[in-house]
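Since the structure comes first, as structure tokens, the remarks are kept for the end.
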Amino acid sequence: MKKIAVILAGCGVYDGAEINEAVLTLLHIAKAGASYQCFAPDVEQLHTINHLTGEQMAPNRNVLVEASRIARGDIKPVTELNASNFDALIIPGGFGAAKNLCDFAVKGAEAQMNTDVMQACKQFADMAKPAGYMCIAPAMIPLIYQTGIKATIGNDADTASAISALGAEHIDCMVDDIVIDEKHKVVSTPAYMLAQSILDADAGIEKLVKAVIKMC
């Protein structure tokens with residue numbers, strides 16, 4: 001059975017992991033006959049958003065504690081992620097990927113990653129193990145891999161240009177499709193960067209999960 005590591009960025013589209021993307025990812029991993037283990041950084045979120053009003057709220061929350069809601073408590077700190085124990089890595093999106101796993105939401109083309117998340121992702125890159133990034137999470141791909149790696153966030157021109165400035169070759173992509181960098185075994189899909197419904201998001205996510213597992 002293939003074992004997939006999944007890194008979550010909290011809980012909720014505006015400040016954490018996009019819940020639908022995360023759940024669909026776990027569902028498709030299981031449907032493919034693979035197993036998963038969730039991880040998250042044990043850090044404060046950039047901020048906490050009231051998802052009803054869109055306003056910032058207090059007190060702030062912890063990324064690992066919030067992500068544990070999605071993982072039903074079965075989650076570990078990302079510092080415990082050893083790529084030797086897994087066949088592949090998948091990171092769902094949500095703004096938390098660009099706020100808590102890295103600072104792309106704030107810094108754009110000057111973005112840097114959380115050190116522990118970078119160390120975990122880099123292990124998969126260095127061991128040539130497949131990885132999948134969805135929604136805004138592909139903003140991290142050029143920070144992990146070498147210049148010229150193919151990636152997509154869909155077709156938003158400003159976001160794509162920032163990702164290009166970080167060193168990736170951005171490929172425009174429809175919501176129900178994926179972009180594969182065969183050389184580095186990296187798959188990306190727009191998901192809720194473009195999705196208008198859970199069905200839209202599901203189509204690309206299913207393809208991404210299948211492609212990642214097929215590369216294992």
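To be explicit about the labels: the chains of the structure tokens are called A, B, and onward in the order shown, and within each one the residues are counted from 1, while ligands get numbers from 1 in the order they are shown.
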Spatial neighbours of stretch 54-57 of chain A, 12 Å, only C-alpha atoms, chain gap at least 5 places, as a list in words: Gly12, Val13, Tyr14, Asp15, Gln45, Leu46, His47, Thr48 and Ile49 of chain A
Helix (DSSP H, G or I) call set, DSSP backbone run, stretch 15-214 of chain A, as an NGL selection string: :A and (19-31 or 63-70 or 78-80 or 83-85 or 95-99 or 104-110 or 115-126 or 137-144 or 157-165 or 191-193 or 198-214)
Atomic separation - atom CA of A:Ser197 relative to atom CA of A:Ala160, Å: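 Result for atom CA of A:Ala160 versus atom CA of A:Ser197: 22.1 Å, one decimal.
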Picked from stretch 24-205 of chain A by DSSP as strand (DSSP E or B), as JSON, numbers by chain: {"A": [35, 36, 37, 38, 39, 40, 44, 48, 49, 56, 57, 62, 75, 76, 77, 88, 89, 90, 91, 102, 113, 131, 132, 133, 134, 150, 151, 169, 170, 179, 180, 181, 186, 187, 188, 189]}
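Between atom CA of A:Lys183 and atom CA of A:Ala17 there is a distance of 27.7 Å.
Shortest atom-to-atom contact with A:Asp200 among A:Asn20, A:Ser164, A:Ser68, A:Asn60: A:Asn20, counting only C-alpha atoms.
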Contact residues around A:Thr79 with only C-alpha atoms at 10 Å, ignoring same-chain residues under 5 positions, as a ChimeraX atom specification: /A:39-42,115-117,119-120
Store the residues picked out above in a file with C-alpha atoms, as a short mmCIF file (atom, residue, chain, number, x, y, z; two decimals), in the first residue's frame.
data_model
loop_
_atom_site.label_atom_id
_atom_site.label_comp_id
_atom_site.auth_asym_id
_atom_site.auth_seq_id
_atom_site.Cartn_x
_atom_site.Cartn_y
_atom_site.Cartn_z
CA PHE A 39 0.97 16.84 9.23
CA ALA A 40 0.95 20.57 9.99
CA PRO A 41 3.38 23.12 11.39
CA ASP A 42 3.00 23.75 15.13
CA THR A 115 11.59 26.49 7.73
CA ASP A 116 10.06 23.21 8.97
CA VAL A 117 7.66 22.96 6.02
CA GLN A 119 12.65 20.96 5.20
CA ALA A 120 9.80 18.43 4.88
#
Spatial neighbours of A:Cys121, 10 Å, only C-alpha atoms, chain gap at least 5 places, as a VMD selection string: chain A and resid 7 78 81 to 83 89 to 91 116 126 131 140 to 141 143 to 145
Do you know which residues are at most 10 Å from A:Tyr192 counting only C-alpha atoms, after dropping those on the same chain fewer than 4 positions away, and could you put them as a compact mmCIF listing (two decimals) with N, CA and C atoms, in the first residue's frame?
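Output file part_28.txt follows:
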# COMPACT_ATOMS: atom_id res chain seq x y z
N VAL A 13 -10.79 28.17 4.49
CA VAL A 13 -10.23 28.71 3.25
C VAL A 13 -9.47 30.03 3.44
N GLU A 18 -8.03 24.76 2.79
CA GLU A 18 -9.38 24.74 2.22
C GLU A 18 -9.98 23.39 2.57
N ASN A 20 -12.76 21.64 1.80
CA ASN A 20 -13.20 20.74 0.73
C ASN A 20 -12.00 20.11 0.01
N GLU A 21 -10.99 20.92 -0.29
CA GLU A 21 -9.80 20.39 -0.96
C GLU A 21 -9.12 19.34 -0.10
N GLY A 93 -4.74 23.32 -0.90
CA GLY A 93 -4.60 24.77 -0.84
C GLY A 93 -5.39 25.42 0.27
N GLY A 94 -5.98 26.56 -0.03
CA GLY A 94 -6.53 27.44 0.98
C GLY A 94 -5.50 28.52 1.25
N MET A 134 -1.95 21.93 -4.74
CA MET A 134 -3.19 22.41 -5.35
C MET A 134 -3.56 23.82 -4.90
N CYS A 135 -4.39 24.46 -5.71
CA CYS A 135 -4.90 25.81 -5.41
C CYS A 135 -3.74 26.81 -5.38
N ILE A 136 -3.52 27.50 -4.26
CA ILE A 136 -2.42 28.48 -4.14
C ILE A 136 -1.12 27.82 -3.67
N ILE A 153 -1.41 27.68 -11.06
CA ILE A 153 -2.44 28.08 -10.09
C ILE A 153 -3.74 28.38 -10.85
N GLY A 154 -3.77 27.99 -12.14
CA GLY A 154 -4.94 28.27 -12.97
C GLY A 154 -4.59 29.26 -14.05
N VAL A 175 -9.77 24.28 -14.65
CA VAL A 175 -10.07 23.83 -13.29
C VAL A 175 -10.05 22.31 -13.16
N GLN A 196 -15.85 26.81 -9.20
CA GLN A 196 -17.09 27.49 -8.83
C GLN A 196 -17.99 26.59 -7.98
N SER A 197 -17.58 25.33 -7.85
CA SER A 197 -18.37 24.37 -7.07
C SER A 197 -17.46 23.26 -6.58
N ILE A 198 -17.98 22.45 -5.67
CA ILE A 198 -17.20 21.32 -5.15
C ILE A 198 -16.95 20.29 -6.26
N ASP A 200 -16.44 21.06 -9.47
CA ASP A 200 -15.31 21.62 -10.23
C ASP A 200 -13.99 21.25 -9.55
N ALA A 201 -13.92 21.51 -8.25
CA ALA A 201 -12.69 21.25 -7.50
C ALA A 201 -12.34 19.76 -7.52
N ASP A 202 -13.36 18.93 -7.38
CA ASP A 202 -13.15 17.48 -7.29
C ASP A 202 -12.49 16.91 -8.55
N GLY A 204 -10.29 18.11 -10.75
CA GLY A 204 -8.83 18.28 -10.80
C GLY A 204 -8.11 17.57 -9.66
Closest of A:Glu206, A:Glu66, A:Asp172, A:Glu182 to A:Leu8 - atom-to-atom distances counting only C-alpha atoms: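 Nearest candidate to A:Leu8 out of A:Glu206, A:Glu66, A:Asp172, A:Glu182: A:Glu66.
Distance check against A:Ile29 using only C-alpha atoms: of A:Lys99, A:Lys3, A:Arg61, A:Lys129, the minimum falls on A:Lys3.
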